[in-house]
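Notes follow once the structure below has been shown.
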Amino acid sequence: MRSVLRVAEAFHVSDTGRHRKTNEDRWFVRAPLFGVADGMGGAPAGEVASQIAIDVLEQGLPDGPHPVEERLAALVVEANARIHDSSSVDAARAGMGTTMTTAWLGEEELSIAHVGDSRLYCLRDGHLERLTR
């Protein structure tokens with residue numbers, strides 16, 4: 001019997017926490033592609049960097065013959081290049097950065113691209129399993 005993966009529910013929420021006045025979290029939810037970016041706190045323009053990362057995800061997974069993991073990695077590389085370019089031309093954005101965690105949920109596999117400390121979990125049968133380190 002073949003097992004098929006599917007998204008039963010998608011939920012996202014963000015909280016500034018106790019120490020920050022602004023929130024630099026951004027997310028993308030459009031099955032089968034999901035992503036979260038969290039601007040680096042304490043660095044300038046983290047909210048800009050995280051939005052750039054999500055803007056790249058909104059383009060969707062690039063077409064091509066390469067495995068999903070390579071195409072996800074290409075999105076991360078593109079986001080990094082755009083963030084770097086933006087920080088290079090605007091002194092107020094120098095040093096900006098973001099985490100980026102993406103997931104592609106195919107019918108039989110889950111592919112992940114992950115940079116930084118934003119975690120990815122699987123919730124199954126009431127138990128959370130951390131999928132990233």
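Chain identifiers are assigned as A, B, and so on, following the order in which chains appear in the structure tokens; residues are numbered from 1 within each chain, and ligands are numbered from 1 in order of appearance.
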Discussion item. Among segment 3-104 of chain A, which residues does DSSP mark as helix (DSSP H, G or I) when it is run on the backbone? Keep the chain and numbering as in the structure and answer as a ChimeraX atom specification.
Written reply: /A:46-58,68-89,91-93
Item to complete: Quick one: pick out all strand (DSSP E) residues within chain A from a backbone DSSP run and write them as a ChimeraX atom specification.
Response: /A:25-30,33-38,100-105,110-115,121-124,127-130
Worksheet item: Of the residues A:Ala91, A:Leu128, A:Cys122, A:Ala53, which is the one nearest to Leu105 of chain A, using only C-alpha atoms?
Response: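 Among A:Ala91, A:Leu128, A:Cys122, A:Ala53, it is A:Cys122 that comes nearest to Leu105 of chain A.
The list of residues with at least one atom within 9 Å of Thr99 of chain A, based on only C-alpha atoms and without residues fewer than 5 positions apart in the same chain, reads Val36, Ala37, Asp38, Gly39, Met40, Ala49, Ser50, Ala53, His114, Val115, Gly116, Asp117 and Ser118 of chain A.
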Restricting it to C-alpha atoms, dump the selection as an mmCIF file, in the first residue's frame.
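Everything below was put into selection_35.cif:
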data_model
loop_
_atom_site.group_PDB
_atom_site.id
_atom_site.type_symbol
_atom_site.label_atom_id
_atom_site.label_comp_id
_atom_site.auth_asym_id
_atom_site.auth_seq_id
_atom_site.Cartn_x
_atom_site.Cartn_y
_atom_site.Cartn_z
ATOM 1 C CA VAL A 36 9.252 31.048 6.966
ATOM 2 C CA ALA A 37 11.851 33.799 7.213
ATOM 3 C CA ASP A 38 12.808 35.627 10.394
ATOM 4 C CA GLY A 39 14.942 38.735 10.081
ATOM 5 C CA MET A 40 18.052 38.754 12.227
ATOM 6 C CA ALA A 49 15.605 40.768 4.397
ATOM 7 C CA SER A 50 12.845 38.393 5.509
ATOM 8 C CA ALA A 53 13.252 35.909 1.066
ATOM 9 C CA HIS A 114 17.072 25.410 5.812
ATOM 10 C CA VAL A 115 19.392 28.282 6.801
ATOM 11 C CA GLY A 116 19.549 29.673 10.315
ATOM 12 C CA ASP A 117 17.682 28.879 13.500
ATOM 13 C CA SER A 118 14.029 28.888 12.399
#
